[in-house]
Number of protein chains: 2
Amino acid sequence: MKHNIVFVLVMVISFNSICLAQSGQNSNVFNVDTAHASPYNLYGAKYPRIEADSRVTFRFKAPYAQKVQVSIANTPFDMVKGADGVWSYTSEPQDKGYHNYWMIVDSAIVVDPVTNAFIGYSRMCNGFEIPDPDGGFYELKNVPHGDALIKNYFSKTTNSWRHIFIYTPPGYENNKSTRYPVLYLQHGGGEDERVWIEMGRTNLILDNLIAEGKVKPFIVVMETSAAYKPGEAPPQPRPMAPVARGQVVQPPSGARPRMMFSFDTYKEVMINDLIPFIDSNFRTLTDGKYRAMAGLSMGTFVTRVVALANLDKFSYLGIFSGGTISPRDISDKGKVKLVFMSYGSRERGADGLKIAADSLQQAGINAVAYVSPLTAHEWQSWRRSLREFAPLLFKN
Amino acid sequence: MKHNIVFVLVMVISFNSICLAQSGQNSNVFNVDTAHASPYNLYGAKYPRIEADSRVTFRFKAPYAQKVQVSIANTPFDMVKGADGVWSYTSEPQDKGYHNYWMIVDSAIVVDPVTNAFIGYSRMCNGFEIPDPDGGFYELKNVPHGDALIKNYFSKTTNSWRHIFIYTPPGYENNKSTRYPVLYLQHGGGEDERVWIEMGRTNLILDNLIAEGKVKPFIVVMETSAAYKPGEAPPQPRPMAPVARGQVVQPPSGARPRMMFSFDTYKEVMINDLIPFIDSNFRTLTDGKYRAMAGLSMGTFVTRVVALANLDKFSYLGIFSGGTISPRDISDKGKVKLVFMSYGSRERGADGLKIAADSLQQAGINAVAYVSPLTAHEWQSWRRSLREFAPLLFKN
């Protein structure tokens, strides 16, 4: 790691660790109305700085660069070079919650080394966090905490080891006679199994809801839906053009979106490898009425492919920012205990949710629509979706 | 996360997830003698490519940049621009194991977005991995696996939540009447609690050693030594100049190095907050003869400050790439069951280890010196140090 490095220097620079997940899970609520460093900044870096009015100031030192931009949630903005070679930019006020950003230095997309890095867009990104006065539900509080576990299991389907994150609720360790329901929770496109912990704060959201008595404790399993059998070649990533601010293209509400990838291999992985592994290594309730599946964005398609085809194994479905489900999508209405559908209010598609839920209700299927106020196709929509979805699970 | 993004595009780019920790823990052994993508590359990225002879080829697209360098373990190398705007460089053969790298684009240090990012040098870095034919000891194998847990606990000393990684050995879940020894394992300068899992592969190394019967199962606790009381201001990071290849400055062998930071606050955190939290939340053996502390580089100083001042609480000491310990450092020889000291053979200091160990032995203190062949101040030295250290723990 520190090949050929001056030992004493290492000590000099090393002593301000505001560590990743620690800072990532520190309070943002209490910073409301005060300019402050983004909580993901490393080692006391002052920028990105979150201004009191939710604008964000970026600084980036590049004295010899011709042009530097900061891309906020995939929209680039020109920075201005100062006499000291430091480029700066202050954004418009940003929506509450987590946002990706990255730097574009003389046309090259790069990651700013001063903030923690997060998976997104099929590569690493930077992140910052805008405080939300109503964000206490995802803060680290003095309540009993569950565990986030990192596990590996071997998949016969892919003939490879696969990596999973698992949340076990407070008390799981000691309540040795208790068995728990399980939620399988899927990431979005270009992401992987880390995101529902690192950006979604699933563990903190559930700790807090359980402490309030709003949620019956359950286990959460998070895994990547990328899965290939031996000989199956994964597609290569393609460059993604920046899109104009506000441009969001969604599949037609209520329609089954056109699939651009098959999730059939992942369906086999889940049914034949993952669920048996979880049920034999954790104290789960294995009946389908105690199993839920949900996903965000692309993860909603994974949820459709796996859960709608296996309604004997899944009774609760969560569709976060990924279209809607119609009665004709459901082969056996008696087995579905809940269809939960959500969007951020800034997403196209939000308007169609209530109609879709009404349609399901009329067909005799319990359905709930939720719209996250003033948020887009981003994590604040999905944190809130989880907060709304979790209390409805495993109630009947 | 994907604010204002074309939904279908997200799907197009998203389907080749070779996820962080999964790829990070896949086999490198079997790639020996075959050119291959580095296992930390995301989404099928072909570069960095590890050549069959352990050279590494880097590619980086930056058509409008004036100058692009790749810095390998903090030594920059000029890349050459191709007609397609892609810069390339093939390195000299690299030592076995994990190495940091990053890009320098028109003088700006940045992270290449196509590989997973790792904490180091007080910021995020890229990483690649050179296969080691003898590296099976840190590979993911079909043996019983322990858990890596992410935990938060509240420190009264710092008046803040702190974030820890904990390894529990295979069987911990089910052997409800068994209590376990504990190793407290410290990161180096500019790092944090993640590194002994993400780069060090502590969980896999111990899983494998336990499966071979070489190690008595124990718990490992990993936390950052950065700790400040309310009002204590952490120092700001300073820029670090690249150093010439081969330049390594170490404290004099056998001498107590000059401390540039106080670890006194962290000592209070460990003794008053962390150890009581661990002992009350895990099934530990709480007598000092069942507690060890070790660290790499700067972490050796943390180990000195905490453990040498509390020999009633720690009986085994590991000093990886951080000088030596002399008999006069040890106030109560009867309480020390082992002093283990190691270096990579390319580090200055390696030559002095045996003399230091002999000196301790002559003073009646059990001491072991280990030199990792053909490695520097990097992770392969520390993975091997853990492999050598772990079997010596909690034996007497």
# chains A, B, ... in the order shown; residues from 1 in each chain; ligands from 1
call {"tool": "residues_around", "arguments": {"residues": "B:Arg291", "least_positions_apart": "3", "cutoff": "12 Å", "atoms": "only C-alpha atoms", "output": "PyMOL selection string"}}
result
chain B and resi 180-185+218-221+275+278-279+284-288+294+307+310-318+335-338+393-396
call {"tool": "residues_around", "arguments": {"residues": "A:Asp33", "least_positions_apart": "3", "cutoff": "9 Å", "atoms": "only C-alpha atoms", "output": "PDB file with C-alpha atoms, in the first residue's frame"}}
result
ATOM      1  CA  PHE A  30     -28.307  18.649  13.211  1.00  0.00           C
ATOM      2  CA  GLU A  51     -24.225  25.747   2.465  1.00  0.00           C
ATOM      3  CA  ALA A  52     -26.990  26.716   4.858  1.00  0.00           C
ATOM      4  CA  ASP A  53     -29.448  27.023   1.955  1.00  0.00           C
ATOM      5  CA  SER A  54     -28.577  23.578   0.516  1.00  0.00           C
ATOM      6  CA  PRO A 131     -29.472  17.561   5.503  1.00  0.00           C
TER       7      PRO A 131
END
call {"tool": "closest_residue", "arguments": {"among": "A:Lys354, A:Arg49, A:Lys141, A:Arg346", "to": "A:Ser372", "atoms": "only C-alpha atoms"}}
result
A:Arg346
call {"tool": "residues_around", "arguments": {"residues": "A:Ile166", "least_positions_apart": "6", "cutoff": "9 Å", "atoms": "only C-alpha atoms", "output": "PyMOL selection string"}}
result
chain A and resi 147-151+219-223
call {"tool": "residues_around", "arguments": {"residues": "B:Val339", "least_positions_apart": "6", "cutoff": "12 Å", "atoms": "only C-alpha atoms", "output": "short mmCIF file (atom, residue, chain, number, x, y, z; two decimals) with all heavy atoms, in the first residue's frame"}}
result
data_model
loop_
_atom_site.label_atom_id
_atom_site.label_comp_id
_atom_site.auth_asym_id
_atom_site.auth_seq_id
_atom_site.Cartn_x
_atom_site.Cartn_y
_atom_site.Cartn_z
N ALA B 292 -4.89 -9.75 22.45
CA ALA B 292 -3.71 -9.38 21.67
C ALA B 292 -3.96 -8.04 21.00
O ALA B 292 -5.10 -7.64 20.77
CB ALA B 292 -3.42 -10.44 20.60
N MET B 293 -2.86 -7.35 20.68
CA MET B 293 -2.99 -6.13 19.88
C MET B 293 -1.86 -6.10 18.87
O MET B 293 -0.71 -6.44 19.18
CB MET B 293 -2.96 -4.88 20.76
CG MET B 293 -3.24 -3.61 19.97
SD MET B 293 -3.60 -2.19 21.02
CE MET B 293 -3.88 -0.94 19.74
N ALA B 294 -2.20 -5.71 17.65
CA ALA B 294 -1.21 -5.62 16.59
C ALA B 294 -1.59 -4.49 15.65
O ALA B 294 -2.75 -4.06 15.61
CB ALA B 294 -1.13 -6.93 15.80
N THR B 300 1.52 0.36 14.56
CA THR B 300 2.44 -0.19 15.55
C THR B 300 2.64 0.80 16.70
O THR B 300 2.85 0.39 17.84
CB THR B 300 3.81 -0.54 14.93
OG1 THR B 300 4.47 0.64 14.51
CG2 THR B 300 3.65 -1.50 13.76
N THR B 303 -0.29 0.53 18.86
CA THR B 303 -0.14 -0.69 19.66
C THR B 303 0.80 -0.44 20.85
O THR B 303 0.53 -0.86 21.98
CB THR B 303 0.39 -1.83 18.77
OG1 THR B 303 -0.54 -2.04 17.71
CG2 THR B 303 0.57 -3.11 19.56
N ARG B 304 1.92 0.25 20.58
CA ARG B 304 2.84 0.57 21.67
C ARG B 304 2.14 1.39 22.76
O ARG B 304 2.22 1.09 23.95
CB ARG B 304 4.04 1.37 21.15
CG ARG B 304 5.05 0.56 20.34
CD ARG B 304 6.14 1.51 19.82
NE ARG B 304 7.23 0.79 19.20
CZ ARG B 304 7.27 0.45 17.91
NH1 ARG B 304 6.27 0.78 17.10
NH2 ARG B 304 8.31 -0.22 17.43
N ALA B 307 -1.03 -0.83 24.30
CA ALA B 307 -0.79 -2.14 24.89
C ALA B 307 0.39 -2.12 25.87
O ALA B 307 0.30 -2.73 26.95
CB ALA B 307 -0.56 -3.19 23.80
N LEU B 308 1.48 -1.44 25.53
CA LEU B 308 2.62 -1.44 26.45
C LEU B 308 2.28 -0.74 27.76
O LEU B 308 2.87 -1.05 28.80
CB LEU B 308 3.84 -0.76 25.80
CG LEU B 308 4.56 -1.58 24.72
CD1 LEU B 308 5.72 -0.78 24.12
CD2 LEU B 308 5.06 -2.92 25.27
N PHE B 314 -3.21 -6.80 27.80
CA PHE B 314 -2.73 -7.35 26.51
C PHE B 314 -1.50 -8.20 26.75
O PHE B 314 -0.53 -7.73 27.36
CB PHE B 314 -2.38 -6.24 25.53
CG PHE B 314 -3.52 -5.34 25.17
CD1 PHE B 314 -3.75 -4.17 25.89
CD2 PHE B 314 -4.36 -5.66 24.12
CE1 PHE B 314 -4.81 -3.34 25.56
CE2 PHE B 314 -5.42 -4.83 23.79
CZ PHE B 314 -5.65 -3.67 24.50
N SER B 315 -1.50 -9.43 26.23
CA SER B 315 -0.36 -10.32 26.45
C SER B 315 0.43 -10.60 25.18
O SER B 315 1.54 -11.08 25.24
CB SER B 315 -0.85 -11.66 27.01
OG SER B 315 -1.55 -11.43 28.21
N TYR B 316 -0.17 -10.31 24.02
CA TYR B 316 0.48 -10.61 22.74
C TYR B 316 0.55 -9.32 21.92
O TYR B 316 -0.46 -8.64 21.76
CB TYR B 316 -0.31 -11.65 21.96
CG TYR B 316 -0.44 -13.00 22.65
CD1 TYR B 316 -1.38 -13.20 23.65
CD2 TYR B 316 0.40 -14.05 22.30
CE1 TYR B 316 -1.49 -14.43 24.29
CE2 TYR B 316 0.31 -15.28 22.92
CZ TYR B 316 -0.65 -15.46 23.92
OH TYR B 316 -0.75 -16.68 24.55
N LEU B 317 1.72 -9.02 21.39
CA LEU B 317 1.91 -7.79 20.63
C LEU B 317 2.43 -8.11 19.24
O LEU B 317 3.39 -8.87 19.08
CB LEU B 317 2.92 -6.87 21.32
CG LEU B 317 2.67 -6.53 22.79
CD1 LEU B 317 3.76 -5.58 23.30
CD2 LEU B 317 1.30 -5.88 22.94
N GLY B 318 1.83 -7.47 18.22
CA GLY B 318 2.30 -7.62 16.84
C GLY B 318 2.70 -6.27 16.28
O GLY B 318 1.93 -5.32 16.32
N ILE B 319 3.93 -6.21 15.77
CA ILE B 319 4.52 -4.96 15.27
C ILE B 319 4.88 -5.22 13.81
O ILE B 319 5.93 -5.79 13.53
CB ILE B 319 5.78 -4.61 16.11
CG1 ILE B 319 5.43 -4.49 17.60
CG2 ILE B 319 6.47 -3.35 15.59
CD1 ILE B 319 4.56 -3.31 17.97
N PHE B 320 3.99 -4.81 12.89
CA PHE B 320 4.21 -5.09 11.47
C PHE B 320 4.71 -3.83 10.77
O PHE B 320 3.98 -2.84 10.64
CB PHE B 320 2.89 -5.52 10.78
CG PHE B 320 2.14 -6.66 11.44
CD1 PHE B 320 0.79 -6.85 11.14
CD2 PHE B 320 2.74 -7.55 12.31
CE1 PHE B 320 0.06 -7.89 11.70
CE2 PHE B 320 2.03 -8.60 12.89
CZ PHE B 320 0.68 -8.76 12.59
N THR B 324 10.97 -1.82 16.03
CA THR B 324 11.09 -2.97 16.92
C THR B 324 10.76 -2.55 18.34
O THR B 324 10.55 -1.37 18.62
CB THR B 324 12.52 -3.54 16.88
OG1 THR B 324 13.43 -2.48 17.20
CG2 THR B 324 12.85 -4.09 15.50
N ILE B 325 10.69 -3.53 19.19
CA ILE B 325 10.49 -3.28 20.62
C ILE B 325 11.71 -3.83 21.36
O ILE B 325 12.23 -4.89 20.98
CB ILE B 325 9.17 -3.96 21.08
CG1 ILE B 325 7.99 -3.08 20.62
CG2 ILE B 325 9.15 -4.18 22.58
CD1 ILE B 325 6.64 -3.61 21.02
N SER B 326 12.16 -3.08 22.34
CA SER B 326 13.33 -3.52 23.10
C SER B 326 12.89 -3.90 24.51
O SER B 326 11.81 -3.53 24.96
CB SER B 326 14.37 -2.40 23.14
OG SER B 326 13.97 -1.41 24.05
N PRO B 327 13.74 -4.64 25.22
CA PRO B 327 13.37 -5.05 26.59
C PRO B 327 12.99 -3.86 27.47
O PRO B 327 12.10 -3.97 28.32
CB PRO B 327 14.62 -5.76 27.09
CG PRO B 327 15.28 -6.28 25.86
CD PRO B 327 15.02 -5.25 24.80
N ASP B 329 11.35 -1.32 26.77
CA ASP B 329 9.98 -0.84 26.50
C ASP B 329 8.95 -1.58 27.33
O ASP B 329 7.78 -1.17 27.39
CB ASP B 329 9.62 -1.04 25.02
CG ASP B 329 10.47 -0.19 24.08
OD1 ASP B 329 10.83 0.93 24.48
OD2 ASP B 329 10.78 -0.66 22.97
N ILE B 330 9.35 -2.71 27.92
CA ILE B 330 8.38 -3.60 28.56
C ILE B 330 8.53 -3.52 30.07
O ILE B 330 9.55 -3.91 30.64
CB ILE B 330 8.58 -5.05 28.05
CG1 ILE B 330 8.25 -5.07 26.53
CG2 ILE B 330 7.72 -6.03 28.81
CD1 ILE B 330 8.51 -6.38 25.85
N LYS B 333 7.85 -7.95 32.34
CA LYS B 333 8.15 -9.02 31.38
C LYS B 333 7.29 -10.24 31.57
O LYS B 333 6.99 -10.97 30.64
CB LYS B 333 9.62 -9.41 31.49
CG LYS B 333 10.55 -8.29 31.04
CD LYS B 333 11.99 -8.55 31.46
CE LYS B 333 12.81 -7.29 31.23
NZ LYS B 333 14.17 -7.38 31.76
N LEU B 353 15.60 -6.91 12.57
CA LEU B 353 14.56 -7.63 13.32
C LEU B 353 15.13 -8.75 14.18
O LEU B 353 14.73 -8.93 15.33
CB LEU B 353 13.53 -8.22 12.36
CG LEU B 353 12.51 -7.26 11.74
CD1 LEU B 353 11.53 -8.05 10.90
CD2 LEU B 353 11.79 -6.48 12.83
N ALA B 356 16.81 -7.58 17.28
CA ALA B 356 15.83 -7.12 18.27
C ALA B 356 15.15 -8.30 18.95
O ALA B 356 14.93 -8.30 20.18
CB ALA B 356 14.80 -6.22 17.60
N ALA B 357 14.81 -9.32 18.16
CA ALA B 357 14.14 -10.49 18.75
C ALA B 357 15.09 -11.23 19.69
O ALA B 357 14.69 -11.67 20.78
CB ALA B 357 13.65 -11.42 17.64
N ASP B 358 16.36 -11.34 19.29
CA ASP B 358 17.35 -11.98 20.15
C ASP B 358 17.49 -11.23 21.47
O ASP B 358 17.59 -11.83 22.55
CB ASP B 358 18.71 -12.04 19.44
CG ASP B 358 18.73 -13.07 18.30
OD1 ASP B 358 17.77 -13.87 18.23
OD2 ASP B 358 19.67 -13.05 17.49
N SER B 359 17.47 -9.92 21.37
CA SER B 359 17.61 -9.09 22.57
C SER B 359 16.44 -9.33 23.53
O SER B 359 16.64 -9.44 24.76
CB SER B 359 17.69 -7.62 22.15
OG SER B 359 17.67 -6.79 23.27
N LEU B 360 15.26 -9.43 22.99
CA LEU B 360 14.09 -9.72 23.82
C LEU B 360 14.20 -11.12 24.42
O LEU B 360 13.92 -11.33 25.61
CB LEU B 360 12.81 -9.60 22.99
CG LEU B 360 12.36 -8.16 22.64
CD1 LEU B 360 11.31 -8.18 21.54
CD2 LEU B 360 11.82 -7.44 23.88
N GLN B 361 14.59 -12.07 23.59
CA GLN B 361 14.72 -13.45 24.08
C GLN B 361 15.71 -13.52 25.24
O GLN B 361 15.48 -14.20 26.24
CB GLN B 361 15.20 -14.38 22.94
CG GLN B 361 14.16 -14.62 21.85
CD GLN B 361 13.06 -15.60 22.24
OE1 GLN B 361 12.94 -16.00 23.40
NE2 GLN B 361 12.22 -15.96 21.27
N GLY B 364 14.41 -12.73 28.41
CA GLY B 364 13.38 -13.62 28.92
C GLY B 364 12.00 -13.37 28.34
O GLY B 364 10.99 -13.82 28.90
N ILE B 365 11.94 -12.66 27.21
CA ILE B 365 10.64 -12.35 26.60
C ILE B 365 10.53 -13.11 25.29
O ILE B 365 11.40 -13.01 24.42
CB ILE B 365 10.52 -10.82 26.35
CG1 ILE B 365 10.62 -10.08 27.68
CG2 ILE B 365 9.22 -10.50 25.62
CD1 ILE B 365 10.92 -8.60 27.53
N ASN B 366 9.45 -13.85 25.14
CA ASN B 366 9.24 -14.62 23.92
C ASN B 366 9.09 -13.66 22.74
O ASN B 366 8.20 -12.81 22.73
CB ASN B 366 7.98 -15.48 24.07
CG ASN B 366 7.72 -16.35 22.85
OD1 ASN B 366 8.66 -16.77 22.16
ND2 ASN B 366 6.45 -16.63 22.59
N ALA B 367 9.95 -13.79 21.74
CA ALA B 367 9.92 -12.86 20.62
C ALA B 367 10.16 -13.60 19.31
O ALA B 367 10.94 -14.55 19.26
CB ALA B 367 10.98 -11.77 20.79
N VAL B 368 9.46 -13.16 18.27
CA VAL B 368 9.59 -13.78 16.95
C VAL B 368 9.78 -12.67 15.92
O VAL B 368 9.09 -11.66 15.94
CB VAL B 368 8.33 -14.60 16.60
CG1 VAL B 368 8.34 -15.06 15.15
CG2 VAL B 368 8.20 -15.80 17.54
N ALA B 369 10.76 -12.88 15.03
CA ALA B 369 10.98 -11.95 13.91
C ALA B 369 10.58 -12.64 12.61
O ALA B 369 10.83 -13.83 12.43
CB ALA B 369 12.44 -11.54 13.85
N TYR B 370 9.94 -11.88 11.73
CA TYR B 370 9.56 -12.44 10.43
C TYR B 370 9.84 -11.40 9.34
O TYR B 370 9.50 -10.22 9.49
CB TYR B 370 8.07 -12.80 10.41
CG TYR B 370 7.56 -13.13 9.02
CD1 TYR B 370 7.95 -14.31 8.39
CD2 TYR B 370 6.72 -12.26 8.34
CE1 TYR B 370 7.53 -14.61 7.10
CE2 TYR B 370 6.27 -12.56 7.06
CZ TYR B 370 6.68 -13.72 6.44
OH TYR B 370 6.26 -14.01 5.17
N PHE B 389 1.69 -14.51 12.42
CA PHE B 389 1.40 -14.08 13.78
C PHE B 389 0.25 -14.88 14.40
O PHE B 389 0.32 -15.34 15.54
CB PHE B 389 1.05 -12.58 13.72
CG PHE B 389 0.70 -11.91 15.03
CD1 PHE B 389 1.57 -11.93 16.11
CD2 PHE B 389 -0.50 -11.20 15.15
CE1 PHE B 389 1.25 -11.27 17.30
CE2 PHE B 389 -0.82 -10.53 16.32
CZ PHE B 389 0.05 -10.58 17.40
N LEU B 392 0.53 -18.10 16.44
CA LEU B 392 1.29 -18.01 17.70
C LEU B 392 0.43 -17.49 18.84
O LEU B 392 0.88 -17.45 19.99
CB LEU B 392 2.50 -17.08 17.50
CG LEU B 392 3.41 -17.43 16.32
CD1 LEU B 392 4.51 -16.39 16.19
CD2 LEU B 392 4.00 -18.83 16.50
N LEU B 393 -0.80 -17.07 18.53
CA LEU B 393 -1.62 -16.39 19.54
C LEU B 393 -2.37 -17.38 20.43
O LEU B 393 -2.86 -18.41 19.97
CB LEU B 393 -2.65 -15.48 18.86
CG LEU B 393 -2.07 -14.28 18.11
CD1 LEU B 393 -3.19 -13.49 17.45
CD2 LEU B 393 -1.29 -13.39 19.07
#
call {"tool": "atom_distance", "arguments": {"atom1": "atom CA of A:Thr158", "atom2": "atom CA of B:Leu140"}}
result
15.6 Å
call {"tool": "closest_residue", "arguments": {"among": "B:Ile210, B:Met199, B:Ala73, B:Met270", "to": "B:His377", "atoms": "only C-alpha atoms"}}
result
B:Ala73
call {"tool": "residues_around", "arguments": {"residues": "A:Met124", "least_positions_apart": "3", "cutoff": "7 Å", "atoms": "only C-alpha atoms", "output": "ChimeraX atom specification"}}
result
/A:117-120 /B:113-114,116
call {"tool": "write_last_selection", "arguments": {"atoms": "C-alpha atoms", "output": "tab-separated table (two decimals), in the first residue's frame"}}
result
chain	number	residue	atom	x	y	z
A	117	ALA	CA	-16.29	6.75	-3.09
A	118	PHE	CA	-19.59	5.01	-3.84
A	119	ILE	CA	-20.62	2.60	-6.57
A	120	GLY	CA	-22.98	4.03	-9.17
B	113	PRO	CA	-13.44	5.56	-11.74
B	114	VAL	CA	-13.13	2.09	-13.29
B	116	ASN	CA	-13.00	-0.08	-6.86
call {"tool": "atom_distance", "arguments": {"atom1": "atom CA of B:Ala45", "atom2": "atom CA of B:Tyr89"}}
result
16.0 Å
call {"tool": "closest_residue", "arguments": {"among": "B:Tyr343, B:Tyr153, B:Tyr172, B:Tyr64", "to": "chain A", "atoms": "only C-alpha atoms"}}
result
B:Tyr64
call {"tool": "select_by_dssp", "arguments": {"residues": "stretch 342-395 of chain A", "states": "helix (DSSP H, G or I)", "output": "list in words"}}
result
Ala350, Asp351, Gly352, Leu353, Lys354, Ile355, Ala356, Ala357, Asp358, Ser359, Leu360, Gln361, Gln362, Trp379, Gln380, Ser381, Trp382, Arg383, Arg384, Ser385, Leu386, Arg387, Glu388, Phe389, Ala390, Pro391 and Leu392 of chain A
call {"tool": "residues_around", "arguments": {"residues": "B:Ser38", "least_positions_apart": "6", "cutoff": "7 Å", "atoms": "only C-alpha atoms", "output": "JSON, numbers by chain"}}
result
{"B": [48, 49, 50, 128, 129]}
call {"tool": "decode", "arguments": {"residues": "stretch 54-61 of chain B", "atoms": "all heavy atoms", "output": "PDB file, in the first residue's frame"}}
result
ATOM      1  N   SER B  54       3.748 -10.080 -14.512  1.00  0.00           N
ATOM      2  CA  SER B  54       3.505  -9.173 -13.375  1.00  0.00           C
ATOM      3  C   SER B  54       3.736  -7.699 -13.709  1.00  0.00           C
ATOM      4  O   SER B  54       3.720  -6.860 -12.819  1.00  0.00           O
ATOM      5  CB  SER B  54       4.332  -9.544 -12.137  1.00  0.00           C
ATOM      6  OG  SER B  54       3.965 -10.824 -11.678  1.00  0.00           O
ATOM      7  N   ARG B  55       3.966  -7.368 -14.987  1.00  0.00           N
ATOM      8  CA  ARG B  55       3.864  -5.965 -15.357  1.00  0.00           C
ATOM      9  C   ARG B  55       2.377  -5.599 -15.371  1.00  0.00           C
ATOM     10  O   ARG B  55       1.515  -6.476 -15.385  1.00  0.00           O
ATOM     11  CB  ARG B  55       4.487  -5.719 -16.739  1.00  0.00           C
ATOM     12  CG  ARG B  55       6.018  -5.912 -16.759  1.00  0.00           C
ATOM     13  CD  ARG B  55       6.591  -5.712 -18.161  1.00  0.00           C
ATOM     14  NE  ARG B  55       5.941  -6.608 -19.100  1.00  0.00           N
ATOM     15  CZ  ARG B  55       5.716  -6.303 -20.373  1.00  0.00           C
ATOM     16  NH1 ARG B  55       6.107  -5.141 -20.862  1.00  0.00           N
ATOM     17  NH2 ARG B  55       5.105  -7.169 -21.166  1.00  0.00           N
ATOM     18  N   VAL B  56       2.093  -4.314 -15.358  1.00  0.00           N
ATOM     19  CA  VAL B  56       0.695  -3.880 -15.363  1.00  0.00           C
ATOM     20  C   VAL B  56       0.505  -2.848 -16.457  1.00  0.00           C
ATOM     21  O   VAL B  56       1.294  -1.894 -16.560  1.00  0.00           O
ATOM     22  CB  VAL B  56       0.283  -3.278 -13.999  1.00  0.00           C
ATOM     23  CG1 VAL B  56      -1.202  -2.901 -14.019  1.00  0.00           C
ATOM     24  CG2 VAL B  56       0.567  -4.262 -12.881  1.00  0.00           C
ATOM     25  N   THR B  57      -0.502  -3.048 -17.290  1.00  0.00           N
ATOM     26  CA  THR B  57      -0.828  -2.089 -18.345  1.00  0.00           C
ATOM     27  C   THR B  57      -2.041  -1.267 -17.917  1.00  0.00           C
ATOM     28  O   THR B  57      -3.074  -1.814 -17.521  1.00  0.00           O
ATOM     29  CB  THR B  57      -1.130  -2.809 -19.669  1.00  0.00           C
ATOM     30  OG1 THR B  57       0.025  -3.549 -20.060  1.00  0.00           O
ATOM     31  CG2 THR B  57      -1.491  -1.812 -20.756  1.00  0.00           C
ATOM     32  N   PHE B  58      -1.853   0.060 -17.971  1.00  0.00           N
ATOM     33  CA  PHE B  58      -2.918   1.000 -17.620  1.00  0.00           C
ATOM     34  C   PHE B  58      -3.401   1.702 -18.880  1.00  0.00           C
ATOM     35  O   PHE B  58      -2.611   1.985 -19.785  1.00  0.00           O
ATOM     36  CB  PHE B  58      -2.389   2.061 -16.644  1.00  0.00           C
ATOM     37  CG  PHE B  58      -1.896   1.493 -15.342  1.00  0.00           C
ATOM     38  CD1 PHE B  58      -0.585   1.045 -15.217  1.00  0.00           C
ATOM     39  CD2 PHE B  58      -2.734   1.405 -14.242  1.00  0.00           C
ATOM     40  CE1 PHE B  58      -0.124   0.508 -14.026  1.00  0.00           C
ATOM     41  CE2 PHE B  58      -2.275   0.875 -13.047  1.00  0.00           C
ATOM     42  CZ  PHE B  58      -0.966   0.432 -12.938  1.00  0.00           C
ATOM     43  N   ARG B  59      -4.678   1.999 -18.932  1.00  0.00           N
ATOM     44  CA  ARG B  59      -5.234   2.828 -20.008  1.00  0.00           C
ATOM     45  C   ARG B  59      -6.137   3.869 -19.369  1.00  0.00           C
ATOM     46  O   ARG B  59      -6.810   3.591 -18.377  1.00  0.00           O
ATOM     47  CB  ARG B  59      -6.058   1.976 -20.983  1.00  0.00           C
ATOM     48  CG  ARG B  59      -5.244   0.923 -21.694  1.00  0.00           C
ATOM     49  CD  ARG B  59      -5.210   1.169 -23.195  1.00  0.00           C
ATOM     50  NE  ARG B  59      -4.239   0.267 -23.813  1.00  0.00           N
ATOM     51  CZ  ARG B  59      -4.507  -0.515 -24.862  1.00  0.00           C
ATOM     52  NH1 ARG B  59      -5.720  -0.507 -25.399  1.00  0.00           N
ATOM     53  NH2 ARG B  59      -3.589  -1.290 -25.386  1.00  0.00           N
ATOM     54  N   PHE B  60      -6.158   5.042 -19.973  1.00  0.00           N
ATOM     55  CA  PHE B  60      -6.979   6.117 -19.401  1.00  0.00           C
ATOM     56  C   PHE B  60      -7.356   7.076 -20.520  1.00  0.00           C
ATOM     57  O   PHE B  60      -6.492   7.634 -21.195  1.00  0.00           O
ATOM     58  CB  PHE B  60      -6.187   6.855 -18.319  1.00  0.00           C
ATOM     59  CG  PHE B  60      -7.009   7.836 -17.538  1.00  0.00           C
ATOM     60  CD1 PHE B  60      -7.873   7.393 -16.545  1.00  0.00           C
ATOM     61  CD2 PHE B  60      -6.933   9.193 -17.820  1.00  0.00           C
ATOM     62  CE1 PHE B  60      -8.651   8.293 -15.836  1.00  0.00           C
ATOM     63  CE2 PHE B  60      -7.708  10.098 -17.110  1.00  0.00           C
ATOM     64  CZ  PHE B  60      -8.562   9.647 -16.119  1.00  0.00           C
ATOM     65  N   LYS B  61      -8.655   7.271 -20.722  1.00  0.00           N
ATOM     66  CA  LYS B  61      -9.120   8.117 -21.816  1.00  0.00           C
ATOM     67  C   LYS B  61      -9.194   9.573 -21.384  1.00  0.00           C
ATOM     68  O   LYS B  61      -9.940   9.912 -20.460  1.00  0.00           O
ATOM     69  CB  LYS B  61     -10.495   7.651 -22.308  1.00  0.00           C
ATOM     70  CG  LYS B  61     -10.956   8.409 -23.542  1.00  0.00           C
ATOM     71  CD  LYS B  61     -12.167   7.774 -24.181  1.00  0.00           C
ATOM     72  CE  LYS B  61     -12.495   8.504 -25.491  1.00  0.00           C
ATOM     73  NZ  LYS B  61     -13.621   7.880 -26.186  1.00  0.00           N
TER      74      LYS B  61
END
